[in-house]
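So the structure is just underneath, and the comments pick up after that.
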Amino acid sequence: MRVDRPTVTEMPGDRTSNRSSFGELRAGHLGLRIATTPDEIDAVQALRYRVFYDEMGAEPDAAAVLSRRDCDAYDAVADHLIVVDHDVSDGPDGVVGTYRMVQREGAAIVGRFYSAAEYDIAPLLSFPGRILELGRSCVDVRYRGRAVMQLLWRGIAAYIFANEVDLMFGCASLNGTDPDAIAAELTFLQHNHLAPPALRPRAVPSRYVDMRRLPPEQIDARRVLTTLPPLVKGYLRLGGMVGDGAVIDDQFNTIDVAIVVKTDLVTGKYIDHYKRTT
């Protein structure tokens with residue numbers, strides 16, 4: 001099934017093209033849609049500030065402290081998936097979860113993808129199909145359960161289906177900045193889920209952290225799978241692969257790994273769901 005690509009109302013300063021939208025996805029009182037108004041984007045940035053800075057210990061610059069918003073140049077060229085709690089509000093006050101999606105056209109306006117600050121993504125840029133960068137994912141602390149995450153995954157699947165995306169990628173974060181504290185997790189990912197050379201980003205030399213920190217035979221895979229962030233485990237369930245090397249992000253108090261996912265499995269699951277509900 002092919003989905004037509006309707007025009008999406010542009011945000012101020014937003015000149016990206018070739019985007020497709022979709023209607024709101026519902027799960028009880030929760031709904032997921034693409035943000036379309038400045039107030040909704042502002043709510044996204046406020047939510048990100050609360051999660052990344054107030055809760056997770058990221059270090060804001062002076063502008064962020066003053067505005068209490070997490071924002072950058074990519075916000076104006078991205079599509080923002082938002083989860084809205086309709087019991088609270090149908091508008092910006094109800095935004096409780098978000099995910100940022102940047103396509104090639106948007107990255108071209110900024111000059112590069114966000115991930116390029118941490119990884120050499122030349123293999124991904126050479127990929128012949130449509131590619132999508134995912135990032136800035138967060139959920140309000142009161143809503144961190146299966147319902148919101150499942151709705152976000154449904155939204156990602158619907159988005160890549162509507163936009164005919166073949167490959168998605170981004171940086172997934174693990175808490176803390178000491179790689180030895182998560183040596184088992186990094187080694188497990190490198191040993192079991194390394195992307196093939198044709199799709200393998202590599203951490204830029206100045207920021208490269210070797211993920212092979214323990215002998216693989218010392219890794220308890222079951223234990224690691226209980227300690228990996230839910231988002232990383234979600235990518236792995238969809239066949240996600242990691243790049244070569246991790247990167248310490250001191251500002252956000254995280255260690256980042258590059259994630260690459262071919263979307264065949266994602267869209268296949270979405271198509272099955274679509275067929276069951278039509």
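Going by the structure tokens order, chains are called A, B, ..., each with residues numbered from 1, while ligands are numbered from 1 in the order shown.
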Per residue of segment 111-216 of chain A within 10 Å of segment 64-74 of chain A, note the shortest atom pair and the distance in Å to one decimal, counting only C-alpha atoms, and order the rows by chain and increasing residue number, as a Markdown table.
| residue | atom | partner | partner_atom | distance |
| --- | --- | --- | --- | --- |
| A:Arg112 | CA | A:Tyr74 | CA | 9.7 |
| A:Phe113 | CA | A:Tyr74 | CA | 8.5 |
| A:Tyr114 | CA | A:Tyr74 | CA | 7.6 |
| A:Arg136 | CA | A:Asp70 | CA | 9.5 |
>> Rounded to one decimal, what separation in Å do you get between atom CA of Arg200 of chain A and atom CA of Arg154 of chain A?
In response: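 Separating atom CA of Arg200 of chain A from atom CA of Arg154 of chain A is a distance of 25.9 Å.
Ranking A:Pro196, A:Gly268, A:Pro215, A:Gly106 by their shortest atom-to-atom distance to Asp244 of chain A, with only C-alpha atoms included, puts A:Pro196 first.
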Cut-off 12 Å: closest segment 133-183 of chain A/segment 236-241 of chain A atom pairs per residue, using only C-alpha atoms, as JSON lines:
{"residue": "A:Trp153", "atom": "CA", "partner": "A:Leu238", "partner_atom": "CA", "distance": 10.6}
{"residue": "A:Ala157", "atom": "CA", "partner": "A:Leu238", "partner_atom": "CA", "distance": 11.0}
{"residue": "A:Leu167", "atom": "CA", "partner": "A:Gly240", "partner_atom": "CA", "distance": 10.4}
{"residue": "A:Met168", "atom": "CA", "partner": "A:Gly240", "partner_atom": "CA", "distance": 9.4}
{"residue": "A:Phe169", "atom": "CA", "partner": "A:Gly240", "partner_atom": "CA", "distance": 9.0}
{"residue": "A:Gly170", "atom": "CA", "partner": "A:Gly240", "partner_atom": "CA", "distance": 10.8}
{"residue": "A:Cys171", "atom": "CA", "partner": "A:Met241", "partner_atom": "CA", "distance": 11.4}
{"residue": "A:Ala172", "atom": "CA", "partner": "A:Gly240", "partner_atom": "CA", "distance": 11.1}
